[in-house]
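This report refers to the structure that appears directly beneath it.
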Amino acid sequence: MPTMTPRVRIAATAAALVLAAGTPVAAYAALDDDPKAAASAAAGRGRPYVETRLFFGTERPDGGPAVTDKQFLAFVDQHVTPSFPAGLTIQDGRGQWRDDSGRIERERSYELILLYPVSEARVHDPQIEGIRAAYERLYGQESVGRADEATRVDF
């Protein structure tokens, strides 16, 4: 291996440091050290959105057959997609909650995640309430859980 002169060695080391300092890894590592800096850096990214999560149980209180994947996806196609054609996310879950009689119920469930601009919240709120009411009515559910959170989104 050829020997590097001190001048070449210093130049190579300096170049490596400059390249390393400019990489995203170094930037993210610095953010990891300071949670406030990380929050500040992310705060300006994206546009203001609302994230609504709906929680659908599959067991029926009357003891009838559980809601199947096929039934749930048909429900989404008919009752959710028309109001949210830009996209949504469905996650399988296992949930538990206390029913009206005080029993702890455990069941297979679905989490539906909807993202929409804050400017559309007034339009989407009654649509989401309609989705909840339709599922409760069609599948005999006591309730469909809902959680809303302000967020920023960038696609």
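Ligands are numbered from 1 in the order shown, chains are lettered A, B, ... in the order of the structure tokens, and residues start at 1 in each chain.
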Distance query Thr52 of chain A at most 6 Å, only C-alpha atoms, self and fewer than 2 positions along chain excluded, as number ranges by chain
A: 113-114, 147-148
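You will find atom CA of Phe55 of chain A at 10.0 Å from atom CA of Ile90 of chain A.
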What does the distance from atom CA of Tyr116 of chain A to atom CA of Arg45 of chain A come to in Å, to one decimal?
15.7 Å
Determine, counting only C-alpha atoms, which protein, DNA and RNA residues have an atom within 12 Å of an atom of Thr89 of chain A; residues of the same chain fewer than 5 positions away are not included. Present the result as a ChimeraX atom specification.
/A:51-54,73,76,80-81,84,110-115
Writing out the chosen residues with N, CA and C atoms as a short mmCIF file (atom, residue, chain, number, x, y, z; two decimals), in the first residue's frame:
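File produced: result.cif:
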data_model
loop_
_atom_site.label_atom_id
_atom_site.label_comp_id
_atom_site.auth_asym_id
_atom_site.auth_seq_id
_atom_site.Cartn_x
_atom_site.Cartn_y
_atom_site.Cartn_z
N GLU A 51 -55.85 13.18 12.40
CA GLU A 51 -55.78 11.72 12.32
C GLU A 51 -56.92 11.18 13.17
N THR A 52 -57.84 10.49 12.52
CA THR A 52 -58.95 9.86 13.23
C THR A 52 -58.74 8.36 13.17
N ARG A 53 -58.78 7.73 14.34
CA ARG A 53 -58.67 6.29 14.43
C ARG A 53 -60.00 5.75 14.94
N LEU A 54 -60.53 4.78 14.24
CA LEU A 54 -61.78 4.12 14.64
C LEU A 54 -61.46 2.68 15.01
N LEU A 73 -64.34 -5.74 5.08
CA LEU A 73 -63.84 -5.06 3.88
C LEU A 73 -64.98 -4.58 2.99
N VAL A 76 -66.16 -1.41 4.58
CA VAL A 76 -65.25 -0.30 4.24
C VAL A 76 -65.55 0.19 2.82
N VAL A 80 -67.05 3.59 3.97
CA VAL A 80 -65.90 4.43 4.29
C VAL A 80 -65.27 5.03 3.04
N THR A 81 -64.97 4.19 2.06
CA THR A 81 -64.27 4.65 0.86
C THR A 81 -64.97 5.80 0.14
N PHE A 84 -63.76 8.81 1.90
CA PHE A 84 -62.30 8.92 2.02
C PHE A 84 -61.62 8.20 0.85
N TYR A 110 -60.51 -4.34 14.39
CA TYR A 110 -59.88 -3.60 13.31
C TYR A 110 -59.68 -2.17 13.77
N GLU A 111 -58.54 -1.60 13.40
CA GLU A 111 -58.29 -0.18 13.61
C GLU A 111 -58.25 0.45 12.23
N LEU A 112 -59.08 1.44 12.04
CA LEU A 112 -59.16 2.17 10.77
C LEU A 112 -58.57 3.55 11.01
N ILE A 113 -57.56 3.90 10.22
CA ILE A 113 -56.89 5.19 10.38
C ILE A 113 -57.22 6.06 9.18
N LEU A 114 -57.75 7.24 9.47
CA LEU A 114 -58.11 8.21 8.44
C LEU A 114 -57.30 9.48 8.65
N LEU A 115 -56.72 10.02 7.60
CA LEU A 115 -56.00 11.29 7.65
C LEU A 115 -56.67 12.25 6.70
#
Quick check for you: according to DSSP on this backbone, which residues of segment 52-109 of chain A are classed as alpha helix (DSSP H)? Reply as a ChimeraX atom specification.
/A:69-75
Dump C-alpha atoms for the selected residues as an mmCIF file, in the first residue's frame?
data_model
loop_
_atom_site.group_PDB
_atom_site.id
_atom_site.type_symbol
_atom_site.label_atom_id
_atom_site.label_comp_id
_atom_site.auth_asym_id
_atom_site.auth_seq_id
_atom_site.Cartn_x
_atom_site.Cartn_y
_atom_site.Cartn_z
ATOM 1 C CA ASP A 69 -62.706 -10.061 7.111
ATOM 2 C CA LYS A 70 -64.860 -10.242 3.995
ATOM 3 C CA GLN A 71 -67.767 -8.506 5.751
ATOM 4 C CA PHE A 72 -65.528 -5.813 7.210
ATOM 5 C CA LEU A 73 -63.839 -5.058 3.878
ATOM 6 C CA ALA A 74 -67.262 -4.889 2.189
ATOM 7 C CA PHE A 75 -68.335 -2.454 4.927
#
For Ser119 of chain A, find every residue with an atom within 12 Å (counting only C-alpha atoms), except residues of its own chain fewer than 6 positions away, and show them as an MDAnalysis selection string.
chainID A and resid 47:50 125 150
Could you pull out the strand (DSSP E) residues of segment 60-119 of chain A, going by DSSP on the backbone, and write them as a PyMOL selection string?
chain A and resi 89-98+104-117
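One distance worth recording is that between atom CA of Glu59 of chain A and atom CA of Leu88 of chain A, which is 23.1 Å.
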So that I can check the surroundings of Asp100 of chain A, please list as an MDAnalysis selection string every protein, DNA and RNA residue that reaches within 12 Å of it, counting only C-alpha atoms and ignoring chain neighbours fewer than 5 positions away.
chainID A and resid 61 105 141:143
File of the preceding selection, N, CA and C atoms, as a PDB file, in the first residue's frame:
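Printed below is result.pdb as written:
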ATOM      1  N   PRO A  61     -72.587  -8.808  20.530  1.00  0.00           N
ATOM      2  CA  PRO A  61     -73.112  -8.947  21.892  1.00  0.00           C
ATOM      3  C   PRO A  61     -74.245  -9.972  22.000  1.00  0.00           C
ATOM      4  N   GLU A 105     -64.595  -7.799  27.782  1.00  0.00           N
ATOM      5  CA  GLU A 105     -64.715  -8.527  26.513  1.00  0.00           C
ATOM      6  C   GLU A 105     -63.395  -8.431  25.767  1.00  0.00           C
ATOM      7  N   GLN A 141     -73.265  -3.728  17.381  1.00  0.00           N
ATOM      8  CA  GLN A 141     -72.209  -3.314  18.305  1.00  0.00           C
ATOM      9  C   GLN A 141     -72.714  -2.259  19.285  1.00  0.00           C
ATOM     10  N   GLU A 142     -72.214  -2.301  20.513  1.00  0.00           N
ATOM     11  CA  GLU A 142     -72.563  -1.272  21.495  1.00  0.00           C
ATOM     12  C   GLU A 142     -71.921   0.060  21.131  1.00  0.00           C
ATOM     13  N   SER A 143     -70.711   0.006  20.558  1.00  0.00           N
ATOM     14  CA  SER A 143     -70.053   1.250  20.139  1.00  0.00           C
ATOM     15  C   SER A 143     -68.896   0.944  19.204  1.00  0.00           C
TER      16      SER A 143
END
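Take the candidates A:Gly145, A:Gln96, A:Tyr139, A:Ser83 and check each one against Gln127 of chain A using only C-alpha atoms; the shortest distance goes to A:Ser83.
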